Amino acid sequence: MDQTYGIFLYVISLLTMGGIYAILALGLNIQWGFTGLFNAGIAGFYAIGAYVSAILTTAPTARHLGGYEMPYPVAFAAAMIVAGILAWGVGRICLRLRSDYLAIATIGIAEIFRLILKNETWATNGPRGVSMVPKPFATLPEPWNHLAFLAMVLVTVAAIYLALETARKSPWGRVMTAIRENEPAARAAGKNVARFRMEGFVFGCMLMALAGAYTSHYLKFIGPNATDPLTATFLVWVMLVVGGSANNKGAILGAFLMWTVWSATEILTSRLPDDLSIRTAYVRIFLIGLVLQIVLQKFPRGILPEQRLASSAKAAENTGRPADRPST
Amino acid sequence: MIDFIGDLVNFYLIPGLVLGSIYALGAIGLTMTFGILRFANFAHGETMTLGAYFAWTLVQLTGWHPIAVLPIAMGLTVLVVLGIDRGFYKPFRASPTIMLVIASFGMMLMVRSVVQFIWGVQMKAMVPGIQMPVVLFDWLRISPKHMMIIASVLVLMFAVHYLLTYTKIGKAMRAMSDSPELARLTGINTEAVIRATWIIGAALAAAAGVLLAVDTHVETMMGFKLLLPVFAATILGGIGRPYGAVAGGLVIGMAEELSSYPWIGTEPLLNPGYKAGVAFAIMVAMLIWRPSGLFRGKVY
Amino acid sequence: MPTLELRDVVGGYGDTQILHGVSITVDAGEIVVVIGPNGAGKSTAIKAVFGLLNLTGGQVLLDGEDITNTPPEKVARKGVCYVPQTANIFPSLSVEENLEMGAFVREDDFTPRLHEIYDLFPPLKERRRQAAGTLSGGQRQMVAMGKALMLEPRILLLDEPTAGLSPKFRGEIFSIVKTVHAAGTPILMVEQNAKQALKIADRGYVLVDGRNKFTGTGRELLEDRQIAAMFLGGPTNGAKDKAGDGAA
């Protein structure tokens, strides 16, 4: 019985983290899938959301900035707004240039944020991180507290999904697709390409911050390790590419699928002897990288390929991505 | 006064020059792959790490000096990078270049995890022990390893300069960096140029990694830490401009070191913990004011 | 046997079909000019020879050898040289390095050829060490053509060599084309400045909507009233044409 309950709790935690990654993947899908922007600093925006929300909700402490004890919705909103403003700043500088620059700048932002977390101990408690982050629904009895948190995450995923699907089919979404497919034509049609790009980038980063906020409350702790550029950024990319970029269902499927694989392999390797266990952790990263490469090369459209709207279906390419160089 | 200058030169300018010339080596390769293959190679930092680990292993095996095993380490790194190109980048030659950025992003983690798997995450010393600096003119102190690093960088840079200016493949590399389409139309063997680019880029990156390891130590994150300043140097110098990359690398290295000099009062101007941020700040400033870089490189 | 022949060529970029059956023949020693309105597929026709677009029908023959859909670098190695309309030099390379790149596929000593090119374009010799990107528009065209001629090509393809140049330079370019031709290289040229181009042409083709409309000797086309009304109504402005062809 105990074991069944343990499995039950594990599944709940799997679904909760999977849902949080689904929010990240949906955020990246707005940027990469729909707008064609390369964000290599997902971890940075994720961490910003996590820290902002954690600091705003924790009880007073001498270890780090805090003691505001704000309600969760305010903290979540603040996390998204801070990330949004930062994304706007990055976007102002990089969106007019080719996608590579955005990739470099976003990875830089993530790195700078890591430096701040490490150095500004008065605000972030440095490497020891922010602990005692309150968890929503903590007052409910077991296992309802876990279930309620899971419900919150899943409702959020569903709400984002519905909003994005509506947006995708709206004139806004059509313009986004048009820009990604053929920027000069969209420009010639009088579309303010820069503004649409900026919107896509900022919205995406705000979702990443929300996912970060959820994580810090879920784990009741956030430290600089959570911003490890590897796990956060890279996993989300693999999730989206495997699931199928430019497809919101694909993003969600990819997130749950890859998180399950990631988490299950962690359980497997953690049972190995210590020395081997540490080493096999790297094998996992290698293999997940290999999965990305194979999918990119052999199945570039992912498990659930993009559902083209009638107007753009004709232009479908087997790369699943528009050419960013002129066709001549 | 002489103390002041001595301090500045010994503890800031010389380390800045050493760091800058290491950045420069890394940036030459990065700027050439960026210019010729048209993508920001995120795995370039890991190429440097790989070079350092190869050299460390060779030093353990042979007991030679790191500089002596440098050419072998460079060669081994080149082989690995050519294999990576064949397996993971070549399939995307005809694809939008952003696919290469993603592939290289994945490669960055794959290479690092392999390094961590094989060598572990413990820091390793390339050159054990501490060397006494050589004192010149009573005040100029320069350690032998720094002299050796700068000398090695100079030799490598002259080699690259010769190659780019006087050899057919070097000129073709510059041509392709100017315009890959025209290079193809002209009948230039673009695959050969790409191969040469990977060879030179990987060799220099490996050298940068080894020299950094000689200056500090070997660790698995060293390449990732180099990536941002090297990107900054590339953008500062202008993409596709090897000479710009050298200038950019030196400027970034100097700026990083000089940023923690107590210019005002007695405290460092900038908390040394933020040194890495200096490169980023310079890069952002360039992207705002002059994305083509100092040497009028490409802007995409 | 014609040096170059396009036989009912059909194709375009991706799903956009631009050429709906174009036939062009260039015989040994000829200058052939292709004219037509914007978007007629003139530049695209030249690119078809050079393997730069996907041909779904027809054939391209070089001295009778089928080179349909051969990739550009191989076409170049077969001795077809193409001078694109824009971005036709390596700006950061010196003039001489540009010419050397033109000879990239040559294994033999090309120094004599280099001197011939300098004799053909004396201004280039003076500026041989200068970065090609710093030259004037007309001199850049010289570099572009000189670079192509380094291979001693079997045929030279020119895509609107006078586009964006002032009338003075235009005349200069046409006289260069004549000089190159006089040295024995057949030329296939796409031009906006139809009147001037037809004057130096042995034969001309008028393309409209990706199809052959008229064919004749340069003189015949110049004197044809219908063509005159359609295309020769005055000096056409080549500069505006940049986006017209192919990109459609």
# chains A, B, ... in the order shown; residues from 1 in each chain; ligands from 1
call {"tool": "residues_around", "arguments": {"residues": "region 270-285 of chain A", "least_positions_apart": "5", "cutoff": "7 Å", "atoms": "only C-alpha atoms", "output": "PyMOL selection string"}}
result
chain B and resi 110+113-114+116-117
call {"tool": "interface_residues", "arguments": {"of": "chain B", "to": "chain C", "cutoff": "9 Å", "atoms": "only C-alpha atoms", "output": "list in words"}}
result
Lys168, Lys171, Ala172, Arg174, Ala175, Met176, Ser177, Asp178, Ser179, Glu181, Leu182, Ala183, Arg184, Leu185, Thr186, Gly187, Ile188, Asn189 and Thr190 of chain B
call {"tool": "interface_residues", "arguments": {"of": "chain B", "to": "chain A", "cutoff": "8 Å", "atoms": "only C-alpha atoms", "output": "MDAnalysis selection string"}}
result
chainID B and resid 39:40 88 91:92 95:99 101 103 106:107 109:111 113:114 116:117 120 228 231 273:274 276:277 280 284 287:288 299:300
call {"tool": "write_last_selection", "arguments": {"atoms": "N, CA and C atoms", "output": "compact mmCIF listing (two decimals), in the first residue's frame"}}
result
# COMPACT_ATOMS: atom_id res chain seq x y z
N PHE B 39 27.05 30.88 -38.98
CA PHE B 39 26.29 30.60 -37.77
C PHE B 39 27.16 30.81 -36.55
N ALA B 40 26.49 31.15 -35.46
CA ALA B 40 27.17 31.35 -34.19
C ALA B 40 27.39 29.97 -33.57
N PHE B 88 27.29 16.15 -37.59
CA PHE B 88 26.22 16.95 -37.01
C PHE B 88 25.99 18.30 -37.69
N PRO B 91 25.00 17.81 -42.40
CA PRO B 91 23.63 17.57 -42.89
C PRO B 91 22.81 18.85 -43.02
N PHE B 92 23.27 19.94 -42.40
CA PHE B 92 22.48 21.17 -42.44
C PHE B 92 23.05 22.21 -43.40
N SER B 95 20.40 23.88 -45.16
CA SER B 95 19.25 24.32 -44.35
C SER B 95 19.46 25.75 -43.89
N PRO B 96 18.40 26.36 -43.37
CA PRO B 96 18.58 27.68 -42.75
C PRO B 96 19.63 27.57 -41.64
N THR B 97 20.47 28.60 -41.53
CA THR B 97 21.62 28.47 -40.63
C THR B 97 21.22 28.36 -39.17
N ILE B 98 20.01 28.75 -38.84
CA ILE B 98 19.59 28.68 -37.44
C ILE B 98 19.58 27.21 -36.99
N MET B 99 19.39 26.28 -37.93
CA MET B 99 19.45 24.87 -37.56
C MET B 99 20.84 24.52 -37.04
N VAL B 101 22.80 26.61 -35.52
CA VAL B 101 22.94 27.19 -34.18
C VAL B 101 22.38 26.21 -33.15
N ALA B 103 21.98 22.96 -33.54
CA ALA B 103 22.83 21.77 -33.50
C ALA B 103 24.08 22.04 -32.67
N GLY B 106 23.30 22.05 -29.00
CA GLY B 106 23.24 20.69 -28.49
C GLY B 106 24.63 20.09 -28.36
N MET B 107 25.48 20.43 -29.34
CA MET B 107 26.84 19.88 -29.33
C MET B 107 27.63 20.39 -28.13
N LEU B 109 26.60 20.89 -25.18
CA LEU B 109 26.32 20.06 -24.00
C LEU B 109 26.82 18.64 -24.17
N MET B 110 26.77 18.15 -25.41
CA MET B 110 27.25 16.78 -25.63
C MET B 110 28.74 16.69 -25.38
N VAL B 111 29.50 17.64 -25.93
CA VAL B 111 30.96 17.60 -25.75
C VAL B 111 31.30 17.74 -24.27
N SER B 113 29.49 16.99 -21.70
CA SER B 113 29.17 15.80 -20.90
C SER B 113 30.17 14.68 -21.15
N VAL B 114 30.68 14.61 -22.38
CA VAL B 114 31.70 13.60 -22.65
C VAL B 114 32.97 13.90 -21.85
N GLN B 116 33.15 15.57 -19.10
CA GLN B 116 32.89 15.30 -17.68
C GLN B 116 32.87 13.81 -17.40
N PHE B 117 32.39 13.04 -18.36
CA PHE B 117 32.33 11.59 -18.18
C PHE B 117 33.75 11.01 -18.15
N GLY B 120 36.02 13.59 -15.42
CA GLY B 120 35.47 14.01 -14.14
C GLY B 120 35.42 15.52 -14.01
N LEU B 228 31.38 33.56 -23.73
CA LEU B 228 30.81 34.90 -23.79
C LEU B 228 31.85 35.96 -24.18
N PHE B 231 32.66 35.50 -27.85
CA PHE B 231 31.60 36.04 -28.70
C PHE B 231 31.69 37.56 -28.72
N GLY B 273 33.88 39.84 -9.16
CA GLY B 273 32.89 38.81 -9.46
C GLY B 273 32.14 39.10 -10.74
N TYR B 274 32.15 40.37 -11.15
CA TYR B 274 31.40 40.76 -12.35
C TYR B 274 32.29 40.91 -13.59
N ALA B 276 33.16 38.91 -15.80
CA ALA B 276 32.56 38.33 -16.99
C ALA B 276 31.48 39.23 -17.58
N GLY B 277 30.93 40.10 -16.73
CA GLY B 277 29.90 41.00 -17.21
C GLY B 277 30.44 42.10 -18.10
N PHE B 280 30.16 41.20 -21.66
CA PHE B 280 28.77 41.28 -22.08
C PHE B 280 28.36 42.74 -22.30
N VAL B 284 26.98 44.29 -25.74
CA VAL B 284 25.68 44.94 -25.87
C VAL B 284 25.85 46.34 -26.43
N LEU B 287 26.39 46.07 -30.07
CA LEU B 287 25.18 45.71 -30.80
C LEU B 287 24.27 46.92 -30.96
N ILE B 288 24.32 47.82 -29.96
CA ILE B 288 23.48 49.01 -30.05
C ILE B 288 24.07 50.02 -31.03
N VAL B 299 26.85 42.08 -40.80
CA VAL B 299 25.70 42.15 -39.90
C VAL B 299 24.58 41.40 -40.59
N TYR B 300 23.99 40.49 -39.87
CA TYR B 300 22.93 39.74 -40.53
C TYR B 300 21.58 40.24 -40.06
call {"tool": "atom_distance", "arguments": {"atom1": "CA of Glu191 (chain B)", "atom2": "CA of Ala203 (chain B)"}}
result
18.1 Å
call {"tool": "residues_around", "arguments": {"residues": "region 47-49 of chain A", "least_positions_apart": "4", "cutoff": "7 Å", "atoms": "only C-alpha atoms", "output": "MDAnalysis selection string"}}
result
chainID A and resid 43 53 79:80 83 209:210 212:213 226:227
call {"tool": "atom_distance", "arguments": {"atom1": "CA of Asp15 (chain C)", "atom2": "CA of Phe34 (chain A)"}}
result
22.0 Å
call {"tool": "residues_around", "arguments": {"residues": "Val206 (chain C)", "least_positions_apart": "2", "cutoff": "6 Å", "atoms": "only C-alpha atoms", "output": "list in words"}}
result
Val34, Ile35, Gly36, Lys213 and Phe214 of chain C
call {"tool": "residues_around", "arguments": {"residues": "region 154-156 of chain A", "least_positions_apart": "5", "cutoff": "8 Å", "atoms": "only C-alpha atoms", "output": "list of chain:residue names"}}
result
A:Thr16, A:Gly19, A:Ile23
call {"tool": "write_last_selection", "arguments": {"atoms": "N, CA and C atoms", "output": "mmCIF file, in the first residue's frame"}}
result
data_model
loop_
_atom_site.group_PDB
_atom_site.id
_atom_site.type_symbol
_atom_site.label_atom_id
_atom_site.label_comp_id
_atom_site.auth_asym_id
_atom_site.auth_seq_id
_atom_site.Cartn_x
_atom_site.Cartn_y
_atom_site.Cartn_z
ATOM 1 N N THR A 16 3.369 17.445 -12.173
ATOM 2 C CA THR A 16 3.517 18.853 -11.804
ATOM 3 C C THR A 16 4.721 19.460 -12.505
ATOM 4 N N GLY A 19 4.147 19.696 -16.101
ATOM 5 C CA GLY A 19 3.290 20.834 -16.434
ATOM 6 C C GLY A 19 4.071 22.136 -16.432
ATOM 7 N N ILE A 23 4.735 24.764 -19.564
ATOM 8 C CA ILE A 23 4.615 26.228 -19.648
ATOM 9 C C ILE A 23 5.861 26.805 -20.319
#
call {"tool": "closest_residue", "arguments": {"among": "C:Leu61, C:Met142, C:Gln85, C:Val22", "to": "chain A", "atoms": "only C-alpha atoms"}}
result
C:Gln85
